[in-house]
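Some notes on the structure that comes next.
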2 protein chains.
Amino acid sequence: MSVLQEISANVRNMKSMEYPVLARRTNQIQEELRKGVRKPYRDVIDVSWGDPHRAGVKPLSFVRQVLAACLYPKLMEGDRLMVDVRQRAQRLLKECAGGSIGSYSNTAGIPEIVQRVSEFITRRDGGVPCRRENIFISSGSQWALANILKVLVNSEASPRTGVLTPVPCHSTTILSLMALGAAAVPYHLTEERGWALEVEELQRALDSAKGVCSPVALYVINPGNPAGYVQNRKSMQEVIRFAAEKRLFLLADEVYQDCVYGKTEFVSYKRALAEMGPPLSETVELASFHTASKGLMGECGLRAGYVELVNLDPAVMKHINSLFSTNSCAPVLGQIALDVMTNPPQPGDPSYPLYMKETQHIRTSLAENVRRVEEVVNSLPGFSCQPVEGGAFAFPTVFLPPKAIERAKEVGMKPDTFYCLRLLEEAGLLFSPGTEYGQKEGTYHIRFCIMIPLDVMEELLRRLSGFHKRFMKEFS
Amino acid sequence: MSVLQEISANVRNMKSMEYPVLARRTNQIQEELRKGVRKPYRDVIDVSWGDPHRAGVKPLSFVRQVLAACLYPKLMEGDRLMVDVRQRAQRLLKECAGGSIGSYSNTAGIPEIVQRVSEFITRRDGGVPCRRENIFISSGSQWALANILKVLVNSEASPRTGVLTPVPCHSTTILSLMALGAAAVPYHLTEERGWALEVEELQRALDSAKGVCSPVALYVINPGNPAGYVQNRKSMQEVIRFAAEKRLFLLADEVYQDCVYGKTEFVSYKRALAEMGPPLSETVELASFHTASKGLMGECGLRAGYVELVNLDPAVMKHINSLFSTNSCAPVLGQIALDVMTNPPQPGDPSYPLYMKETQHIRTSLAENVRRVEEVVNSLPGFSCQPVEGGAFAFPTVFLPPKAIERAKEVGMKPDTFYCLRLLEEAGLLFSPGTEYGQKEGTYHIRFCIMIPLDVMEELLRRLSGFHKRFMKEFS
């Protein structure tokens, strides 16, 4: 398949929007269940989103207490809330115009919060300095990415601007590229090596773009989504060298940096780049994205994220500054969530014990979920799941029998969508099909969120196992 | 001045961004005050935004209590919160995925909230039906407007797409048009007739666009911003007939619909259109915008608004649907604020008395502020303020002496920016200059927010009067 064909196929997949079929059917099924229609399940487990609270994960008390106190300062009267909650809320309210979270803030975020986010990044990266001028808080990381893409993509260029994007890749970025008239140049992660990102494949992708589009940036997702890999330093260094050599802007989606389960530690691209020293550390242009939606906090509904920009030309920074300025600020409560995320309670703080207990509970649940998913899914016939090293999703291959593929074609569906629809219908599980994310031709995958309570995961695996065996038998 | 010249002048004004000079100087002054530098004032009163909380207006208790209870449901234990607060929060949480405001919602908003917003619109418009499918909740009304403009504006068209926009007009809409490569075709409101919108002027503007751009829409702001007029039904009917005749899409910015102080009642364009009957009521395409940021609630920091679409082609609606779908949902707490805004406590509800007391206090303060502004400003030499009938701003003309205009030119500033800078420097008042909004050549204005506490307004008027007399004397 040529890159243009592959790009078009990507676009077609996105446009075909197979997922909405599943979402609509889910709504119908839920309506039927409410009306008392008998099904082999009492409810639909929706793990098609990276949305922990939706699946029953509890919010962190400290986060919610600080936010509630900022919203309704009367709560700080008396000693109902811990003293560190009250102190944090008081400090944050002082930093809001007029002492209210109901005021607009600077478009790049409340300056003091931006400052503390930059200090968090410096700590995270072992002292690599982060300048607050390089941080822009926005209504979610994807919104920030869309803004940076606006600067990178020349909508009127011929050939089109291209951005190297992984396969598989979550669809929001591809949609942002399409909206700007840019081309996604797919590079494939190597599934059989734990979804590794290999430089030879980047080179192949770049070559394939010749005469089709003009690539200006390389988009990486680490930890992965939907594929749950975590890049090691060596791999990142190779990617950075490649980007430098080909003069590609590095776009690093690092929103799952808190969610790492395997042996490979998370290292930010910023840190990997800085530690490579000059000239690379001073020249490779990088944007790194993070959010309050993902990670242990999982506050998707608050809508806040940020981007850090590294090595950008001052003139470009000025342009980006004015681009962010044409929009209103990010939701102030989301900004406050970012403050708490990057500055959680410390040992000795009154809220620390509960905070640790809650985060540890989520961490151990996730580790156990990952273990159980690999154990159960890999034991099923026709399934193969790479180790989930990070992120919020499992993305196993399912080897569909030819008869199932044929049946899918008969009903005009992608085979993995067909599988997901049957899974929904018969087992009350809402997964999303691999076709939404891109996959090697002839392979099929399913994605589901692993950031869910332990009991929900057990129920999910029970339903999946039962359904899958019946399905394979039916089409054997 | 030709329309192209005038458009370019508009763009130049926006790009020159005189306001940031004032904002920067404000930050410096505040820093100086913190360091103990002596000034004739103790603080800067910033009334350059339409941001009531910034200026000291208090949030409404019911709104904040419901939001806090949704954020931290433990607050609902015991009887600290009124029963209607708890019931509202419980219902809203049931409508959130996983029972948490931390989950994503549908991209057009939580369906039950969208439904209640549509019921509010029906009540507001005396029974004119509103369909929930026509409502899209978004991160603020301007964001919704930018999305609708994306559909209306063909960035590649030659000549460019045009949108008729009032002069004066707040700058965010002009910036949105510029970002899309569209032209703002200015029509002037008639200041001496209380900033009336006159159809002859719309015709003149449309004629002036010939050969320059191709106008597809007419943008109206009612109640006005920065000019505080409220349109009467007759004027709206004329505008609607004009739009119908010229096949213009009507964009109605109605975010200040709650803020009306004069004799003219607010009537929505939707209602005015519906009551004109067929064929107009079935053909004129209309988008009406509202928000939780403005009005009595003033929750700018929550970032939520909505648009209602009327008479759009189903194919266009589908396109708009997918446009909104490429973005994440609006902040869920903002959506909840919209729910409360459109469904406040009713007589008999436990929270009703306090809600009434608080909103009445804001209303009477606003009425008193308007009265005092007109009284004081119009008594100053060289000032003329039209009646403020609605909205959040006063926008008086200031007749600057020739010597002041000359001095401004010498220092490379617009005369009204020069006036505002001196006002800031000498009296600690941050206003914004008329040049930011567009004004007839040779006229100068200043804009300031009137949604501020009574005592702040008195202090503001005291400082303004003192400064203005000194300024006029200096340049007489």
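Following the order of the structure tokens, first chain is A, next is B, and so on, with residues numbered from 1 inside each chain and ligands from 1 in the order they appear.
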Legend entry - Exercise answer, chain A residues close to chain B, 9 Å and only C-alpha atoms, as a VMD selection string: chain A and resid 49 51 to 59 61 64 to 65 67 to 72 96 to 105 139 to 140 142 to 143 156 172 175 to 176 179 293 297 to 304 326 to 334
Inset, instruction - Could you tell me how far atom CA of A:Val21 lies from atom CA of A:Ser379, in Å and to one decimal? - result: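 Value for the atom CA of A:Val21-atom CA of A:Ser379 distance: 29.5 Å.
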Inset, instruction - Could you give me, as a VMD selection string, the residues within 7 Å of B:Val255, counting only C-alpha atoms and dropping anything in the same chain fewer than 4 positions from it? - result: chain B and resid 289 to 291 294
Can you write out the residues you just picked, keeping N, CA, C and O atoms, as a compact mmCIF listing (two decimals), in the first residue's frame?
```txt
# COMPACT_ATOMS: atom_id res chain seq x y z
N PHE B 289 -26.22 32.73 20.86
CA PHE B 289 -25.20 32.32 21.81
C PHE B 289 -25.51 32.80 23.22
O PHE B 289 -25.98 33.92 23.41
N HIS B 290 -25.24 31.94 24.19
CA HIS B 290 -25.40 32.33 25.59
C HIS B 290 -24.29 31.65 26.39
O HIS B 290 -23.59 30.77 25.88
N THR B 291 -24.12 32.05 27.64
CA THR B 291 -22.96 31.61 28.41
C THR B 291 -23.22 31.67 29.92
O THR B 291 -24.10 32.41 30.37
N LYS B 294 -21.38 35.37 31.67
CA LYS B 294 -21.91 36.72 31.79
C LYS B 294 -23.16 36.68 32.66
O LYS B 294 -23.45 35.69 33.30
```
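In this comparison, which uses only C-alpha atoms, the residue of A:Glu32, A:Glu112, A:Glu198, A:Glu191 approaching A:Leu92 most closely is A:Glu112.
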Inset, instruction - Go through A:Val310, A:Cys259, A:Leu461, A:Ile446 one by one, measure the shortest atom-to-atom distance of each to A:Pro226 using only C-alpha atoms, and give the residue with the smallest value. - result: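 When distances to A:Pro226 are compared using only C-alpha atoms, the smallest one comes from A:Ile446.
Computed from the coordinates, the atom CA of B:Ala392 to atom CA of B:Val376 distance equals 17.4 Å.
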Legend entry - For A:Cys420, the nearest of the candidates A:Glu436, A:Asp79, A:Glu374, A:Glu441, counting only C-alpha atoms: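 Closest candidate: A:Glu436.
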Legend entry - alpha helix (DSSP H) positions in stretch 126-287 of chain B, given as a PyMOL selection string: chain B and resi 141-152+171-179+199-208+233-245+269-275+280-283
Inset, instruction - Please identify which residues in stretch 83-186 of chain B DSSP calls strand (DSSP E or B) from the backbone, and express them as an MDAnalysis selection string. - result: chainID B and resid 135:138 160:167 183:186
How would the residues just picked look written out with all heavy atoms as a CSV table (one decimal), in the first residue's frame?
```csv
chain,number,residue,atom,x,y,z
B,135,ILE,N,-29.1,22.3,20.2
B,135,ILE,CA,-28.3,23.0,21.2
B,135,ILE,C,-26.9,22.3,21.3
B,135,ILE,O,-26.9,21.1,21.4
B,135,ILE,CB,-29.0,22.8,22.6
B,135,ILE,CG1,-30.4,23.3,22.6
B,135,ILE,CG2,-28.1,23.5,23.7
B,135,ILE,CD1,-30.6,24.7,22.8
B,136,PHE,N,-25.9,23.1,21.3
B,136,PHE,CA,-24.6,22.5,21.5
B,136,PHE,C,-23.9,23.3,22.7
B,136,PHE,O,-23.7,24.5,22.6
B,136,PHE,CB,-23.7,22.7,20.3
B,136,PHE,CG,-24.2,21.9,19.1
B,136,PHE,CD1,-25.1,22.3,18.3
B,136,PHE,CD2,-23.7,20.6,18.9
B,136,PHE,CE1,-25.6,21.6,17.2
B,136,PHE,CE2,-24.2,19.8,17.8
B,136,PHE,CZ,-25.1,20.3,17.0
B,137,ILE,N,-23.6,22.6,23.7
B,137,ILE,CA,-22.9,23.2,24.8
B,137,ILE,C,-21.4,23.1,24.5
B,137,ILE,O,-20.9,22.1,24.0
B,137,ILE,CB,-23.2,22.4,26.2
B,137,ILE,CG1,-24.6,22.6,26.6
B,137,ILE,CG2,-22.2,22.9,27.3
B,137,ILE,CD1,-25.0,21.9,27.8
B,138,SER,N,-20.6,24.2,24.8
B,138,SER,CA,-19.2,24.2,24.5
B,138,SER,C,-18.5,25.0,25.6
B,138,SER,O,-19.1,25.6,26.5
B,138,SER,CB,-19.0,24.9,23.2
B,138,SER,OG,-19.4,26.3,23.3
B,160,ARG,N,-12.8,37.0,-0.4
B,160,ARG,CA,-12.9,36.4,0.9
B,160,ARG,C,-14.4,36.4,1.4
B,160,ARG,O,-15.2,37.2,0.9
B,160,ARG,CB,-12.1,37.2,1.9
B,160,ARG,CG,-10.7,37.0,1.8
B,160,ARG,CD,-10.0,37.6,3.0
B,160,ARG,NE,-10.1,39.1,3.0
B,160,ARG,CZ,-9.7,39.8,4.1
B,160,ARG,NH1,-9.4,39.2,5.2
B,160,ARG,NH2,-9.8,41.1,4.0
B,161,THR,N,-14.7,35.5,2.3
B,161,THR,CA,-16.0,35.5,3.0
B,161,THR,C,-16.0,36.7,3.9
B,161,THR,O,-15.0,37.0,4.5
B,161,THR,CB,-16.2,34.2,3.8
B,161,THR,OG1,-16.0,33.1,3.0
B,161,THR,CG2,-17.5,34.2,4.5
B,162,GLY,N,-17.2,37.3,3.9
B,162,GLY,CA,-17.3,38.5,4.8
B,162,GLY,C,-18.4,38.3,5.8
B,162,GLY,O,-19.4,37.5,5.6
B,163,VAL,N,-18.3,38.9,7.0
B,163,VAL,CA,-19.3,38.9,8.0
B,163,VAL,C,-19.6,40.3,8.5
B,163,VAL,O,-18.6,41.0,8.8
B,163,VAL,CB,-18.9,38.0,9.2
B,163,VAL,CG1,-20.0,38.1,10.3
B,163,VAL,CG2,-18.7,36.6,8.8
B,164,LEU,N,-20.8,40.8,8.4
B,164,LEU,CA,-21.1,42.1,8.9
B,164,LEU,C,-21.0,42.2,10.4
B,164,LEU,O,-21.6,41.4,11.1
B,164,LEU,CB,-22.5,42.5,8.4
B,164,LEU,CG,-22.6,43.2,7.0
B,164,LEU,CD1,-22.3,42.2,5.9
B,164,LEU,CD2,-24.0,43.8,6.8
B,165,THR,N,-20.2,43.1,10.9
B,165,THR,CA,-20.0,43.2,12.3
B,165,THR,C,-20.2,44.6,12.8
B,165,THR,O,-19.8,45.6,12.1
B,165,THR,CB,-18.5,42.7,12.7
B,165,THR,OG1,-17.6,43.5,11.9
B,165,THR,CG2,-18.3,41.3,12.5
B,166,PRO,N,-20.7,44.8,14.0
B,166,PRO,CA,-21.0,46.2,14.4
B,166,PRO,C,-19.7,46.9,14.8
B,166,PRO,O,-18.7,46.3,15.1
B,166,PRO,CB,-21.8,45.9,15.7
B,166,PRO,CG,-21.5,44.6,16.2
B,166,PRO,CD,-21.1,43.8,14.9
B,167,VAL,N,-19.8,48.2,14.7
B,167,VAL,CA,-18.8,49.1,15.3
B,167,VAL,C,-19.5,50.0,16.2
B,167,VAL,O,-20.4,50.7,15.9
B,167,VAL,CB,-18.1,50.0,14.2
B,167,VAL,CG1,-17.2,51.0,14.8
B,167,VAL,CG2,-17.4,49.1,13.1
B,183,ALA,N,-13.3,38.4,6.3
B,183,ALA,CA,-13.3,39.8,6.5
B,183,ALA,C,-14.4,40.3,7.4
B,183,ALA,O,-15.6,39.8,7.2
B,183,ALA,CB,-13.4,40.5,5.1
B,184,ALA,N,-14.1,41.2,8.3
B,184,ALA,CA,-15.2,41.8,9.1
B,184,ALA,C,-15.6,43.1,8.3
B,184,ALA,O,-14.8,43.9,8.0
B,184,ALA,CB,-14.6,42.2,10.4
B,185,VAL,N,-16.9,43.1,7.9
B,185,VAL,CA,-17.5,44.2,7.2
B,185,VAL,C,-18.2,45.1,8.2
B,185,VAL,O,-19.2,44.8,8.7
B,185,VAL,CB,-18.5,43.8,6.1
B,185,VAL,CG1,-19.0,45.0,5.4
B,185,VAL,CG2,-17.9,42.8,5.2
B,186,PRO,N,-17.6,46.3,8.6
B,186,PRO,CA,-18.1,47.0,9.7
B,186,PRO,C,-19.4,47.8,9.3
B,186,PRO,O,-19.5,48.4,8.3
B,186,PRO,CB,-17.0,48.0,10.0
B,186,PRO,CG,-16.1,48.1,8.8
B,186,PRO,CD,-16.3,46.8,8.0
```
Inset, instruction - Go through A:Met317, A:Leu430, A:Leu296, A:Leu338 and flag the residue nearest A:Ile110, using only C-alpha atoms for the distances. - result: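 Nearest to A:Ile110: A:Leu338.
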